[in-house]
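The block underneath contains the structure these notes are about, expressed in structure tokens.
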Amino acid sequence: MRDAHVYDFSFHSSINMAKKRVIVAMSSGVDSSVAAAILKKQGYDVVGVFMHFWKEPGSDALRENKCCSLESQEDARKVAHKLGIPLYTVNAANDFKRDVVDYFLSETKAGRTPNPCVTCNEKIKFNFLFKKMLEMDADLVATGHYADVKMIDGKYHLYTSTDEEKDQTYFLYNLRQEHLGRIIFPVGKYKKPQIRKMAKEMEIPVFDKDDSQGLCFTPEKYPTEFIKRNMQLEGGDIVDTSGKKIGKHEGLQLYTIGQRRGINIGGTGPYYVVGRNFEKNELVVTNDEKDGAIFRTEMEVENVNWLADEPQLPLETNVKIRYRHSLVRGIIHPVKSRKAGISQGEIISRGKKKVYMVEFKEPQKAVTPGQSAVFYSDEGEVMGGGMIRN
């Protein structure tokens, strides 16, 4: 059965590109608003799309999805009116609930720490944008992501943006060639202060709007309370690395490797999570930030997507193991060794995608299963990425 999120763009080879109609995702934030404004000034036929996502049921108004609240929708309308472009609303609530929220909860229940923003970009935002592009006989899609696409030797390559602090390529490693060839990232060549200045000069009404933070479907900054409301948890013991009981936890799913906040143990803290023993229902912690139990020398990465070509392996390159984590050096190997727990010469596959071993040049703190690992060249190209497995 064909993947519902894969589209065939081959028939677009006959498109009259002089038309240049572009579908722009407009979330009401300053980045997507300026992206639409830039394209309008460049002469594109711009069509805005505002997406309605799922929001948690309940009478509490604070539970509105931050990305698509009534206030956000009204802001998007104001921006579209200012720019003189049409704005369409797309209902993606059911898909968002299934592919993002349910995924987040199922992965969390299984003991992993998922990154729902990666899944949302792949299965929701770009999925609906490309669907709208086909419906409206448009040529391109655009978003306010801080990223850049370049054509090199007949293939499309994803590069980091000018603003290293705001760069969002970490969330985009699942894009494919047929996507990259139809995507524009207008703000990728600017820094955030420049974008705000441009918005103010163009009198875009959201020029001073705060950036969104945290998961959009949780009203709280951290997902702890959302998990408590939507999952049955079982409390248990907190133990140190020697096995000594030193406290009680509220449910292993509330914690992630390397976490310090919210452990609630008195004494000589702070404490850091180094492990979660689901068989014994024990949370393992240490009060030594340099404890070797927090660090890993290697990791396995599965469901890897290479954006252009799979590189010749083994390969030493740059790796990012969390969004806000600095790039670190690592060597990528296909899994072929006994130390990975499999027979010699065997390559693990899951979902028809290989598993790769990444050997760090220096031990890394809080390598977390479920998070994304993204591979970058020294020139800032996103070569690919996948999900941390072990």
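Chain identifiers are assigned as A, B, and so on, following the order in which chains appear in the structure tokens; residues are numbered from 1 within each chain, and ligands are numbered from 1 in order of appearance.
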
Can you tell me which residues surround stretch 115-127 of chain A at a distance of at most 8 Å, considering only C-alpha atoms, apart from same-chain residues fewer than 5 positions away, and format the answer as an MDAnalysis selection string?
chainID A and resid 5 25 92 95:96 99:101 103:104 170:172 174:175 215 370:372

Only C-alpha atoms, please: the residues just picked out, written as an mmCIF file, in the first residue's frame.
```
data_model
loop_
_atom_site.group_PDB
_atom_site.id
_atom_site.type_symbol
_atom_site.label_atom_id
_atom_site.label_comp_id
_atom_site.auth_asym_id
_atom_site.auth_seq_id
_atom_site.Cartn_x
_atom_site.Cartn_y
_atom_site.Cartn_z
ATOM 1 C CA HIS A 5 2.350 10.954 2.913
ATOM 2 C CA ALA A 25 2.184 28.009 5.774
ATOM 3 C CA ALA A 92 -5.625 18.894 10.272
ATOM 4 C CA ASP A 95 -4.250 13.738 11.479
ATOM 5 C CA PHE A 96 -2.408 15.752 14.112
ATOM 6 C CA ASP A 99 0.354 11.193 13.912
ATOM 7 C CA VAL A 100 1.694 13.607 16.528
ATOM 8 C CA VAL A 101 -0.159 13.390 19.848
ATOM 9 C CA TYR A 103 2.701 9.045 18.608
ATOM 10 C CA PHE A 104 4.064 11.192 21.439
ATOM 11 C CA TYR A 170 17.221 19.567 12.941
ATOM 12 C CA PHE A 171 13.455 19.143 12.436
ATOM 13 C CA LEU A 172 13.635 18.748 8.641
ATOM 14 C CA ASN A 174 12.990 13.586 6.837
ATOM 15 C CA LEU A 175 12.450 15.688 3.689
ATOM 16 C CA LEU A 215 5.079 21.627 22.667
ATOM 17 C CA GLY A 370 13.532 8.496 20.893
ATOM 18 C CA GLN A 371 15.251 11.783 20.153
ATOM 19 C CA SER A 372 16.561 12.543 16.676
#
```

List every residue of stretch 136-333 of chain A that DSSP, applied to the backbone of this structure, assigns to alpha helix (DSSP H), and report them as a list in words.
Gln177, Glu178, His179, Leu180, Lys192, Pro193, Gln194, Ile195, Arg196, Lys197, Met198, Ala199, Lys200, Glu201, Thr224, Glu225, Phe226, Ile227, Lys228, Arg229 and Asn230 of chain A

For the residues in that selection, give me C-alpha atoms as a PDB file, in the first residue's frame.
```pdb
ATOM      1  CA  GLN A 177      14.271  15.076  -3.022  1.00  0.00           C
ATOM      2  CA  GLU A 178      10.742  15.497  -4.396  1.00  0.00           C
ATOM      3  CA  HIS A 179      10.008  17.788  -1.438  1.00  0.00           C
ATOM      4  CA  LEU A 180      13.209  19.830  -1.501  1.00  0.00           C
ATOM      5  CA  LYS A 192      15.992  36.866  13.524  1.00  0.00           C
ATOM      6  CA  PRO A 193      16.622  40.554  14.405  1.00  0.00           C
ATOM      7  CA  GLN A 194      16.604  41.320  10.665  1.00  0.00           C
ATOM      8  CA  ILE A 195      13.281  39.511  10.264  1.00  0.00           C
ATOM      9  CA  ARG A 196      11.706  41.509  13.102  1.00  0.00           C
ATOM     10  CA  LYS A 197      13.075  44.738  11.646  1.00  0.00           C
ATOM     11  CA  MET A 198      11.681  43.871   8.210  1.00  0.00           C
ATOM     12  CA  ALA A 199       8.291  43.042   9.750  1.00  0.00           C
ATOM     13  CA  LYS A 200       8.189  46.376  11.547  1.00  0.00           C
ATOM     14  CA  GLU A 201       9.211  48.332   8.447  1.00  0.00           C
ATOM     15  CA  THR A 224       4.768  16.593  32.603  1.00  0.00           C
ATOM     16  CA  GLU A 225       1.184  17.560  33.429  1.00  0.00           C
ATOM     17  CA  PHE A 226      -0.025  16.606  29.941  1.00  0.00           C
ATOM     18  CA  ILE A 227       1.425  13.122  30.404  1.00  0.00           C
ATOM     19  CA  LYS A 228      -0.217  12.837  33.821  1.00  0.00           C
ATOM     20  CA  ARG A 229      -3.600  13.794  32.343  1.00  0.00           C
ATOM     21  CA  ASN A 230      -3.357  11.386  29.435  1.00  0.00           C
TER      22      ASN A 230
END
```

Using only C-alpha atoms for the distances, tell me which of A:Lys365, A:Arg324, A:Lys132, A:Lys191 is nearest to A:Met299.
A:Lys365

Skip A:Asn318 itself and residues of its chain fewer than 4 positions away, then list as a list in words all residues within 8 Å of it, counting only C-alpha atoms.
Leu327, Val328, Arg329, Gly330, Phe375, Tyr376, Ser377 and Asp378 of chain A

Using only C-alpha atoms, which protein or nucleic acid residues come within 9 Å of A:Thr256? Drop anything in the same chain fewer than 2 positions from it, and give the result as a JSON list (two decimals) with C-alpha atoms, in the first residue's frame.
```json
[["chain", "number", "residue", "atom", "x", "y", "z"],
["A", 111, "GLY", "CA", 10.03, 4.50, 27.58],
["A", 112, "ARG", "CA", 11.41, 6.68, 24.80],
["A", 113, "THR", "CA", 11.60, 10.49, 24.62],
["A", 252, "LEU", "CA", 8.99, 6.50, 34.84],
["A", 253, "GLN", "CA", 7.39, 8.04, 31.76],
["A", 254, "LEU", "CA", 7.68, 11.49, 33.35],
["A", 258, "GLY", "CA", 19.93, 13.58, 31.85],
["A", 259, "GLN", "CA", 16.92, 15.31, 33.43],
["A", 273, "VAL", "CA", 18.50, 10.81, 35.72],
["A", 274, "VAL", "CA", 20.89, 8.18, 34.36],
["A", 275, "GLY", "CA", 18.46, 5.33, 33.73],
["A", 276, "ARG", "CA", 14.92, 3.96, 33.97],
["A", 366, "ALA", "CA", 22.35, 12.19, 28.10],
["A", 368, "THR", "CA", 18.32, 9.78, 24.76]]
```

Of the candidates A:Val319, A:Val90, A:Met387, A:Val301, which shows the shortest atom-to-atom distance to A:Met357, using only C-alpha atoms?
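Ranking A:Val319, A:Val90, A:Met387, A:Val301 by distance to A:Met357, first place goes to A:Val301.
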
So, counting only C-alpha atoms, which residue among A:Pro363, A:Ile238, A:Leu233, A:Arg21 is closest to A:Asp291?
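Among the listed residues, the smallest separation from A:Asp291 belongs to A:Pro363.
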
If you count only C-alpha atoms, which residues fall within 10 Å of stretch 242-249 of chain A, apart from same-chain ones fewer than 6 positions away, as JSON, numbers by chain?
{"A": [234, 235, 236, 255, 262, 263, 264, 265, 266, 267, 281, 282, 283, 284, 285, 286]}

Just how far from atom CA of A:Ser326 is atom CA of A:Lys290, in Å to one decimal?
18.1 Å

Tell me, as a PDB file with N, CA and C atoms, in the first residue's frame, which residues lie within 7 Å of A:Asp31, counting only C-alpha atoms; anything in the same chain fewer than 2 positions away does not count.
```pdb
ATOM      1  N   GLY A  29       2.964  33.669  13.226  1.00  0.00           N
ATOM      2  CA  GLY A  29       4.220  34.132  13.801  1.00  0.00           C
ATOM      3  C   GLY A  29       4.933  35.090  12.865  1.00  0.00           C
ATOM      4  N   SER A  33       5.053  35.071   8.575  1.00  0.00           N
ATOM      5  CA  SER A  33       4.460  36.286   8.020  1.00  0.00           C
ATOM      6  C   SER A  33       5.441  37.009   7.113  1.00  0.00           C
ATOM      7  N   VAL A  34       6.686  37.120   7.560  1.00  0.00           N
ATOM      8  CA  VAL A  34       7.711  37.776   6.733  1.00  0.00           C
ATOM      9  C   VAL A  34       8.040  36.909   5.522  1.00  0.00           C
ATOM     10  N   ALA A  35       8.011  35.583   5.688  1.00  0.00           N
ATOM     11  CA  ALA A  35       8.244  34.691   4.546  1.00  0.00           C
ATOM     12  C   ALA A  35       7.234  34.986   3.439  1.00  0.00           C
ATOM     13  N   GLY A 144       8.198  29.359   7.213  1.00  0.00           N
ATOM     14  CA  GLY A 144       9.073  30.293   7.902  1.00  0.00           C
ATOM     15  C   GLY A 144      10.219  29.615   8.625  1.00  0.00           C
ATOM     16  N   VAL A 187      13.153  32.946   4.868  1.00  0.00           N
ATOM     17  CA  VAL A 187      13.846  33.629   5.964  1.00  0.00           C
ATOM     18  C   VAL A 187      15.187  32.987   6.284  1.00  0.00           C
ATOM     19  N   ILE A 195      14.663  39.868  10.591  1.00  0.00           N
ATOM     20  CA  ILE A 195      13.281  39.511  10.264  1.00  0.00           C
ATOM     21  C   ILE A 195      12.313  40.407  11.026  1.00  0.00           C
TER      22      ILE A 195
END
```

Can you pull out every residue within 10 Å of A:Gly43, counting only C-alpha atoms, but drop anything in the same chain fewer than 3 positions away, and send it as a PyMOL selection string?
chain A and resi 19-21+38-40+46

So how many Å separate atom CA of A:His157 and atom CA of A:Pro186, to one decimal?
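Calculated distance between atom CA of A:His157 and atom CA of A:Pro186 is 15.6 Å.
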
Coordinates-based distance that separates atom CA of A:Gly385 from atom CA of A:Thr160 (Å, one decimal)
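So the two atoms, atom CA of A:Thr160 and atom CA of A:Gly385, lie 14.0 Å apart.
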
Counting only C-alpha atoms, the residue among A:Tyr159, A:Met136, A:Ile321, A:Glu165 that lies closest to A:Met383 is A:Tyr159

Taking only C-alpha atoms into account, name the residue in A:Asp137, A:Glu316, A:Glu164, A:Asp75 that is nearest to A:Ile204.
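Smallest distance to A:Ile204 is found for A:Asp75.
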